[in-house]
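Structure file run_32.pdb (PDB, C-alpha atoms) follows.
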MODEL        1
ATOM      1  CA  MET A   1     -19.981 -54.484 -21.661
ATOM      2  CA  SER A   2     -22.107 -55.174 -18.598
ATOM      3  CA  PRO A   3     -24.453 -52.537 -17.176
ATOM      4  CA  ALA A   4     -22.746 -49.933 -15.026
ATOM      5  CA  LEU A   5     -22.516 -49.823 -11.261
ATOM      6  CA  ILE A   6     -22.126 -46.694  -9.144
ATOM      7  CA  ALA A   7     -21.078 -45.790  -5.640
ATOM      8  CA  VAL A   8     -23.455 -43.224  -4.166
ATOM      9  CA  HIS A   9     -22.026 -40.931  -1.509
ATOM     10  CA  THR A  10     -23.666 -38.721   1.098
ATOM     11  CA  THR A  11     -22.913 -37.451   4.603
ATOM     12  CA  LEU A  12     -25.131 -37.486   7.670
ATOM     13  CA  PRO A  13     -24.967 -35.815  11.080
ATOM     14  CA  ASP A  14     -24.853 -38.939  13.266
ATOM     15  CA  GLU A  15     -24.442 -42.688  13.213
ATOM     16  CA  ALA A  16     -28.106 -43.405  13.925
ATOM     17  CA  SER A  17     -29.274 -41.552  10.814
ATOM     18  CA  ALA A  18     -26.489 -43.160   8.736
ATOM     19  CA  ARG A  19     -27.490 -46.647   9.893
ATOM     20  CA  ALA A  20     -31.194 -46.000   9.293
ATOM     21  CA  LEU A  21     -30.617 -44.701   5.763
ATOM     22  CA  ALA A  22     -28.220 -47.552   4.953
ATOM     23  CA  GLU A  23     -30.737 -50.162   6.066
ATOM     24  CA  ALA A  24     -33.572 -48.454   4.173
ATOM     25  CA  LEU A  25     -31.543 -48.401   0.936
ATOM     26  CA  VAL A  26     -30.710 -52.113   1.213
ATOM     27  CA  GLN A  27     -34.249 -53.103   2.192
ATOM     28  CA  ALA A  28     -35.636 -51.145  -0.780
ATOM     29  CA  ARG A  29     -33.151 -53.022  -3.031
ATOM     30  CA  LEU A  30     -31.709 -49.732  -4.228
ATOM     31  CA  ALA A  31     -28.287 -50.670  -2.840
ATOM     32  CA  ALA A  32     -26.574 -54.029  -2.509
ATOM     33  CA  CYS A  33     -24.283 -52.892   0.281
ATOM     34  CA  VAL A  34     -23.910 -49.666   2.232
ATOM     35  CA  GLN A  35     -20.970 -48.721   4.407
ATOM     36  CA  TRP A  36     -20.711 -45.822   6.837
ATOM     37  CA  HIS A  37     -17.893 -44.380   8.860
ATOM     38  CA  ALA A  38     -17.059 -41.294  10.901
ATOM     39  CA  ILE A  39     -15.366 -38.368   9.153
ATOM     40  CA  ALA A  40     -14.504 -34.743   9.868
ATOM     41  CA  SER A  41     -15.756 -32.047   7.502
ATOM     42  CA  VAL A  42     -14.918 -28.393   6.988
ATOM     43  CA  TYR A  43     -17.023 -26.210   4.688
ATOM     44  CA  VAL A  44     -18.669 -22.809   4.375
ATOM     45  CA  TRP A  45     -22.403 -22.679   5.091
ATOM     46  CA  GLN A  46     -24.373 -19.435   5.198
ATOM     47  CA  ASP A  47     -21.126 -17.413   5.008
ATOM     48  CA  ALA A  48     -19.589 -19.073   8.068
ATOM     49  CA  LEU A  49     -16.824 -21.643   8.291
ATOM     50  CA  GLN A  50     -18.174 -24.900   9.710
ATOM     51  CA  ARG A  51     -16.268 -27.814  11.252
ATOM     52  CA  ASP A  52     -18.368 -30.877  11.911
ATOM     53  CA  ALA A  53     -18.133 -34.525  12.759
ATOM     54  CA  GLU A  54     -20.222 -36.383  10.194
ATOM     55  CA  TRP A  55     -20.859 -39.898   8.924
ATOM     56  CA  ARG A  56     -20.075 -40.759   5.290
ATOM     57  CA  LEU A  57     -22.385 -43.221   3.582
ATOM     58  CA  LEU A  58     -21.215 -45.229   0.561
ATOM     59  CA  ALA A  59     -23.848 -47.279  -1.281
ATOM     60  CA  LYS A  60     -23.172 -49.694  -4.150
ATOM     61  CA  CYS A  61     -25.970 -49.458  -6.714
ATOM     62  CA  ARG A  62     -26.996 -49.944 -10.324
ATOM     63  CA  ALA A  63     -26.256 -46.828 -12.363
ATOM     64  CA  ALA A  64     -29.708 -47.092 -13.918
ATOM     65  CA  HIS A  65     -31.194 -46.654 -10.429
ATOM     66  CA  TRP A  66     -29.391 -43.324  -9.844
ATOM     67  CA  PRO A  67     -32.508 -41.086 -10.060
ATOM     68  CA  ALA A  68     -34.440 -43.348  -7.672
ATOM     69  CA  VAL A  69     -31.505 -43.645  -5.242
ATOM     70  CA  ARG A  70     -30.884 -39.883  -5.297
ATOM     71  CA  ASP A  71     -34.566 -39.116  -4.670
ATOM     72  CA  PHE A  72     -34.848 -41.798  -1.965
ATOM     73  CA  ILE A  73     -31.899 -40.318  -0.076
ATOM     74  CA  ALA A  74     -33.082 -36.732  -0.531
ATOM     75  CA  ALA A  75     -36.559 -37.553   0.815
ATOM     76  CA  ARG A  76     -35.095 -39.038   4.018
ATOM     77  CA  HIS A  77     -32.115 -36.748   4.540
ATOM     78  CA  PRO A  78     -32.025 -34.435   7.573
ATOM     79  CA  TYR A  79     -29.871 -31.756   5.906
ATOM     80  CA  GLN A  80     -31.385 -28.769   4.121
ATOM     81  CA  LEU A  81     -28.865 -29.204   1.282
ATOM     82  CA  PRO A  82     -27.506 -32.762   1.339
ATOM     83  CA  ALA A  83     -24.503 -33.724  -0.742
ATOM     84  CA  ILE A  84     -25.652 -36.680  -2.832
ATOM     85  CA  TRP A  85     -23.326 -37.729  -5.633
ATOM     86  CA  SER A  86     -22.172 -40.805  -7.462
ATOM     87  CA  SER A  87     -19.079 -42.242  -9.096
ATOM     88  CA  LEU A  88     -18.734 -45.156 -11.488
ATOM     89  CA  ILE A  89     -17.465 -48.462 -10.108
ATOM     90  CA  GLU A  90     -15.243 -50.852 -12.004
ATOM     91  CA  ALA A  91     -15.668 -54.174 -10.244
ATOM     92  CA  SER A  92     -14.787 -57.820 -10.647
ATOM     93  CA  ALA A  93     -17.350 -59.817 -12.602
ATOM     94  CA  ALA A  94     -18.398 -61.755  -9.504
ATOM     95  CA  TYR A  95     -18.917 -58.611  -7.403
ATOM     96  CA  HIS A  96     -20.771 -56.912 -10.264
ATOM     97  CA  ASP A  97     -23.116 -59.890 -10.548
ATOM     98  CA  TRP A  98     -23.730 -59.910  -6.794
ATOM     99  CA  VAL A  99     -24.626 -56.181  -6.764
ATOM    100  CA  TRP A 100     -26.891 -56.754  -9.757
ATOM    101  CA  GLN A 101     -28.692 -59.648  -8.025
ATOM    102  CA  GLN A 102     -29.114 -57.748  -4.754
ATOM    103  CA  THR A 103     -30.621 -54.716  -6.486
ATOM    104  CA  ASP A 104     -33.142 -56.647  -8.562
ATOM    105  CA  PRO A 105     -36.509 -55.044  -7.814
ATOM    106  CA  GLN A 106     -38.254 -58.319  -8.786
ATOM    107  CA  ALA A 107     -36.398 -60.331  -6.135
ATOM    108  CA  THR A 108     -38.052 -61.460  -2.928
ATOM    109  CA  ALA A 109     -38.436 -58.716  -0.339
ATOM    110  CA  ARG A 110     -35.936 -58.773   2.521
TER     111      ARG A 110
ENDMDL
END
The structure given in the file should be rewritten as structure tokens.
Amino acid sequence: MSPALIAVHTTLPDEASARALAEALVQARLAACVQWHAIASVYVWQDALQRDAEWRLLAKCRAAHWPAVRDFIAARHPYQLPAIWSSLIEASAAYHDWVWQQTDPQATAR
């Protein structure tokens, strides 16, 4: 079995912060690809119902990099309590290999 891949999810308040975090993750070789798109969220924060427009970020990463990815996102995140979570990815062999190559910390800097 090949080493595991994960999709790391978080939400951000605006497109500019989503784009900046996506680019930083790829440039740091912690993610092979990051997508972002507008969403609507409803949740309770500090005992009040909140309805917000947010941006969801989805980063494809090596599972072994999870602690580094989580900490990288947390250090740059504008929210007091960011949602940062991951799920396992089952991918085609070719896509798996591409993610693995793109997240090689020994590869040439971008």
- Would you translate the PyMOL selection byres ((chain A and resi 82-99) around 7) into the concrete set of residues it matches in this file, as a PyMOL selection string? chain A and resi 5-11+32+61+70+77+79-81+100-103
- Message: When you count only C-alpha atoms, which of these residues is closest to A:Arg29: A:Ala75, A:Pro67, A:Asp52, A:Lys60?
- Response: A:Lys60
- From the list A:Cys33, A:Val42, A:Ala28, A:Ala4, which residue is nearest A:Leu58 when using all atoms listed in the file?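 With all atoms listed in the file as the atom set, the closest residue is A:Cys33.
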- Message: Using all atoms listed in the file for the distances, tell me which of A:Val26, A:Ile39, A:Ala16, A:Ala31 is nearest to A:Arg62.
- Response: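 Closest to A:Arg62 of all the choices is A:Ala31.
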- For the atom pair atom CA of A:Ala74 and atom CA of A:Trp45, what is the interatomic distance in Å to one decimal place?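 Interatomic distance here is 18.5 Å.
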- Specify as a list in words each residue included when the PyMOL selection byres ((chain A and resi 53) around 12) is applied to this file.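 Applied to this file, the PyMOL selection byres ((chain A and resi 53) around 12) returns Thr11, Leu12, Pro13, Asp14, Glu15, His37, Ala38, Ile39, Ala40, Ser41, Val42, Tyr43, Gln50, Arg51, Asp52, Glu54, Trp55 and Arg56 of chain A.
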- Return the single residue from A:Gln46, A:Ala107, A:Ala68, A:Pro78 that is closest to A:Leu30, with distances computed using only C-alpha atoms.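 Checking each candidate against A:Leu30, we get A:Ala68 as the closest.
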- Just give me the gap between atom CA of A:Val34 and atom CA of A:Ala22 in Å, one decimal is fine.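 One can read the atom CA of A:Val34 to atom CA of A:Ala22 distance as 5.5 Å.
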- Item | Residue contacts of A:Val69 (8 Å, all atoms listed in the file) excluding same-chain residues fewer than 3 positions away, as an MDAnalysis selection string | chainID A and resid 25 30 65:66 72:73
